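Single-structure report; data block below.
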Amino acid sequence: MSEPQIEPAVDQAEYLWNSPREAQAPKRPLVEIGWVLIGTFEKIDEGAIRTAREQTRDYLRQCWPEFSWRLPIVVRPDPDPGDVLAEPIRLIDMAVTERLTKGWDFAVAFTATDLHALSKQYTLGTPASGLDAAAISTARLDPTAQRSMVRKAERELVLSKRIWALFLHLLGDLLALPHSDEPSSPMSIPRVPEDLDAVQDFSSEEREWMLESLTEVADLRVEETGQSSRNPFFFTLRVLARSGREILAAVARNRPWILVWHLTKFTGAALSTLLILLFTAEVWDVGVRLPFDEVAGALAITIAATTTFVVTRQRLLTRRTRFRLTEQVVVTDFAIILTILGAMLSMVLLLISAAMLVIWVVPNELAERWTDFATLSLEHNLALAGTVTIIGLIVGALGASIEDQTTFRHVAFIDEET
């Protein structure tokens, strides 16, 4: 770790600090959580991370002896060594790469650089439950960030305790464990780094929740059952049939209905287009005359097309040329696709609701003058609303394509800034 820019050998040094017994085949269901150390760390940071990892492994084995726990560590160079702030989603992307390559259940990226926060002044860690990964910065966890004079032994002890507590919090987030108001619970939200010093233990209810979630995580994957097909299509179908609930749970954790409010270029472009069109006589004249079933069909095609465009343009999927097709790759990719699809459906509901509201407030005399219809039926109004929604959704997708890719992925996949 003194020279992290040098790629360690895969068979010897890559699993740094791993004990020989961790290489043995587990007798119980295996849960692997990779620790990905990115960039350079001070000696004290190295020691604190080593201590925190050992404490975490022992704690997990004590709390959930039903599983065999492995916490392998790999060291990777910093992709942006000169940056003052590290982008959490880039660190998470690196962690996801390691997770998919090595078949881990979860991966957590560690950096000594402060993390870039979008909604807060700073963040200590960021979970991305839809990707089964998280990022942690030790910059503000170090007690020297709050006090200038700290003894070396105390500094390492406090730092390791905070890493342990924050790791457990993020693990709970990845397993959809609700937050707690109890300061001693790892699931309490740390307002400042010192709050992590009060963390002691999961409650019995939290342990039961974690046990149920971990049981699903530790199940054999499709490629490990010996029954997987070599045909990618049939393999994918088998994964979807087996892990459908896991995919839907990942989509729910990504909250696609909230995504549209954070992507300002996407939402702004779609809404402004809709409002402009609805105050144009020619649009009313054409929209009310289009068959409703044709508009509905065109809207469905538009939703599929814009979803594909955004996923492709923002490069959201894992690069399958680098990974063999595994259950984790299929689950991750489908969760991403359904998240964007959910965001598109949420936008459609927003646009149609806005369109119907505008149509409702337009005076009947003006509507009659624009359409030559004495009375507009509900079907006419829905056809018009659907028409402007199609155009608004297309323009919104173009707006989403110019969103900064890092910001887009941060908003789409990071659950919270802890």
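Here's how to read the names in the structure tokens: chain A, B, ... by the order shown, residue numbers from 1 in each chain, ligand numbers from 1 in the order shown.
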What lies within 10 Å of Ser188 of chain A using only C-alpha atoms, ignoring chain neighbours under 2 positions off, as number ranges by chain?
A: 165-166, 169, 178-186, 190-191, 195-196, 198-199
Using only C-alpha atoms, which residues sit within 10 Å of Ile33 of chain A once same-chain residues fewer than 3 positions away are excluded, as a list in words?
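Once the nearby chain positions are removed, what remains is Leu30, Val36, Arg57, Trp69, Arg70, Leu71, Pro72, Ile73, Arg99, Gly103, Trp104, Asp105, Phe106, Ala107, Val108, Asp132, Ala133 and Leu171 of chain A.
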Go ahead and compute the interatomic distance for atom CA of Leu274 of chain A and atom CA of Ser119 of chain A, in Å to one decimal.
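That distance, rounded to one decimal, is 28.4 Å.
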Counting only C-alpha atoms, closest pick from A:Gly392, A:Trp360, A:Lys120, A:Glu216 relative to Thr273 of chain A is A:Gly392
Pick out the residues sitting within 9 Å of Thr111 of chain A, and hand them over as an NGL selection string; count only C-alpha atoms, and ignore anything fewer than 2 positions along from it in its own chain.
:A and (36-41 or 78 or 86 or 91 or 109 or 113-115 or 135-139)
Atoms kept (N, CA and C atoms) for selection, written as a PDB file, in the first residue's frame:
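Heads up, here's the output in out.pdb:
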```pdb
ATOM      1  N   VAL A  36     -12.054  -2.079  -1.294  1.00  0.00           N
ATOM      2  CA  VAL A  36     -11.238  -1.591  -2.407  1.00  0.00           C
ATOM      3  C   VAL A  36     -10.570  -0.289  -1.979  1.00  0.00           C
ATOM      4  N   LEU A  37      -9.269  -0.337  -1.747  1.00  0.00           N
ATOM      5  CA  LEU A  37      -8.521   0.829  -1.285  1.00  0.00           C
ATOM      6  C   LEU A  37      -7.967   1.564  -2.501  1.00  0.00           C
ATOM      7  N   ILE A  38      -8.407   2.803  -2.687  1.00  0.00           N
ATOM      8  CA  ILE A  38      -8.077   3.559  -3.893  1.00  0.00           C
ATOM      9  C   ILE A  38      -7.168   4.728  -3.532  1.00  0.00           C
ATOM     10  N   GLY A  39      -5.987   4.764  -4.146  1.00  0.00           N
ATOM     11  CA  GLY A  39      -5.052   5.853  -3.901  1.00  0.00           C
ATOM     12  C   GLY A  39      -4.130   5.588  -2.731  1.00  0.00           C
ATOM     13  N   THR A  40      -3.463   6.624  -2.267  1.00  0.00           N
ATOM     14  CA  THR A  40      -2.481   6.505  -1.190  1.00  0.00           C
ATOM     15  C   THR A  40      -3.107   6.849   0.158  1.00  0.00           C
ATOM     16  N   PHE A  41      -2.589   6.204   1.198  1.00  0.00           N
ATOM     17  CA  PHE A  41      -3.050   6.435   2.571  1.00  0.00           C
ATOM     18  C   PHE A  41      -1.838   6.628   3.473  1.00  0.00           C
ATOM     19  N   ASP A  78      -5.408   5.719  -7.694  1.00  0.00           N
ATOM     20  CA  ASP A  78      -6.427   6.759  -7.782  1.00  0.00           C
ATOM     21  C   ASP A  78      -6.547   7.219  -9.232  1.00  0.00           C
ATOM     22  N   ALA A  86     -12.983  13.786  -4.296  1.00  0.00           N
ATOM     23  CA  ALA A  86     -13.190  12.558  -5.062  1.00  0.00           C
ATOM     24  C   ALA A  86     -14.666  12.408  -5.395  1.00  0.00           C
ATOM     25  N   LEU A  91     -15.626   6.219  -7.615  1.00  0.00           N
ATOM     26  CA  LEU A  91     -15.090   5.215  -6.693  1.00  0.00           C
ATOM     27  C   LEU A  91     -15.994   3.993  -6.653  1.00  0.00           C
ATOM     28  N   ALA A 109     -15.575   1.016  -1.540  1.00  0.00           N
ATOM     29  CA  ALA A 109     -14.357   1.723  -1.929  1.00  0.00           C
ATOM     30  C   ALA A 109     -13.935   2.677  -0.817  1.00  0.00           C
ATOM     31  N   THR A 113      -9.233  10.877   0.262  1.00  0.00           N
ATOM     32  CA  THR A 113      -9.655  12.182  -0.246  1.00  0.00           C
ATOM     33  C   THR A 113     -11.091  12.466   0.167  1.00  0.00           C
ATOM     34  N   ASP A 114     -11.389  13.713   0.451  1.00  0.00           N
ATOM     35  CA  ASP A 114     -12.753  14.108   0.792  1.00  0.00           C
ATOM     36  C   ASP A 114     -13.683  13.823  -0.385  1.00  0.00           C
ATOM     37  N   LEU A 115     -14.910  13.401  -0.086  1.00  0.00           N
ATOM     38  CA  LEU A 115     -15.882  13.075  -1.125  1.00  0.00           C
ATOM     39  C   LEU A 115     -16.655  14.313  -1.562  1.00  0.00           C
ATOM     40  N   ALA A 135     -19.043   3.925  -0.983  1.00  0.00           N
ATOM     41  CA  ALA A 135     -17.750   4.607  -0.907  1.00  0.00           C
ATOM     42  C   ALA A 135     -17.604   5.256   0.460  1.00  0.00           C
ATOM     43  N   ILE A 136     -16.390   5.207   1.002  1.00  0.00           N
ATOM     44  CA  ILE A 136     -16.077   5.795   2.307  1.00  0.00           C
ATOM     45  C   ILE A 136     -14.828   6.654   2.169  1.00  0.00           C
ATOM     46  N   SER A 137     -14.862   7.838   2.773  1.00  0.00           N
ATOM     47  CA  SER A 137     -13.674   8.691   2.855  1.00  0.00           C
ATOM     48  C   SER A 137     -13.195   8.742   4.299  1.00  0.00           C
ATOM     49  N   THR A 138     -11.893   8.561   4.485  1.00  0.00           N
ATOM     50  CA  THR A 138     -11.322   8.640   5.834  1.00  0.00           C
ATOM     51  C   THR A 138     -10.895  10.062   6.188  1.00  0.00           C
ATOM     52  N   ALA A 139     -11.044  11.010   5.249  1.00  0.00           N
ATOM     53  CA  ALA A 139     -10.524  12.370   5.457  1.00  0.00           C
ATOM     54  C   ALA A 139     -11.104  13.027   6.700  1.00  0.00           C
TER      55      ALA A 139
END
```
List every residue of segment 278-331 of chain A that has an atom at most 10 Å from any atom of segment 232-241 of chain A, and for each one report the closest atom pair and its distance in Å to one decimal, counting only C-alpha atoms, with rows sorted by chain and then by increasing residue number, as a Markdown table.
```
| residue | atom | partner | partner_atom | distance |
| --- | --- | --- | --- | --- |
| A:Leu325 | CA | A:Pro232 | CA | 7.3 |
| A:Thr326 | CA | A:Phe235 | CA | 8.5 |
| A:Glu327 | CA | A:Val239 | CA | 6.0 |
| A:Gln328 | CA | A:Val239 | CA | 9.1 |
| A:Val329 | CA | A:Thr236 | CA | 9.7 |
| A:Val330 | CA | A:Thr236 | CA | 6.6 |
| A:Val331 | CA | A:Val239 | CA | 7.6 |
```
Have a look at atom CA of Phe413 of chain A and atom CA of Ile340 of chain A and let me know their distance in Å, one decimal.
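Atom CA of Ile340 of chain A lies 10.5 Å from atom CA of Phe413 of chain A.
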Skipping near chain neighbours, those fewer than 4 positions away, what residues fall within 6 Å of Pro127 of chain A using only C-alpha atoms, listed as a ChimeraX atom specification?
/A:134,170,414-415
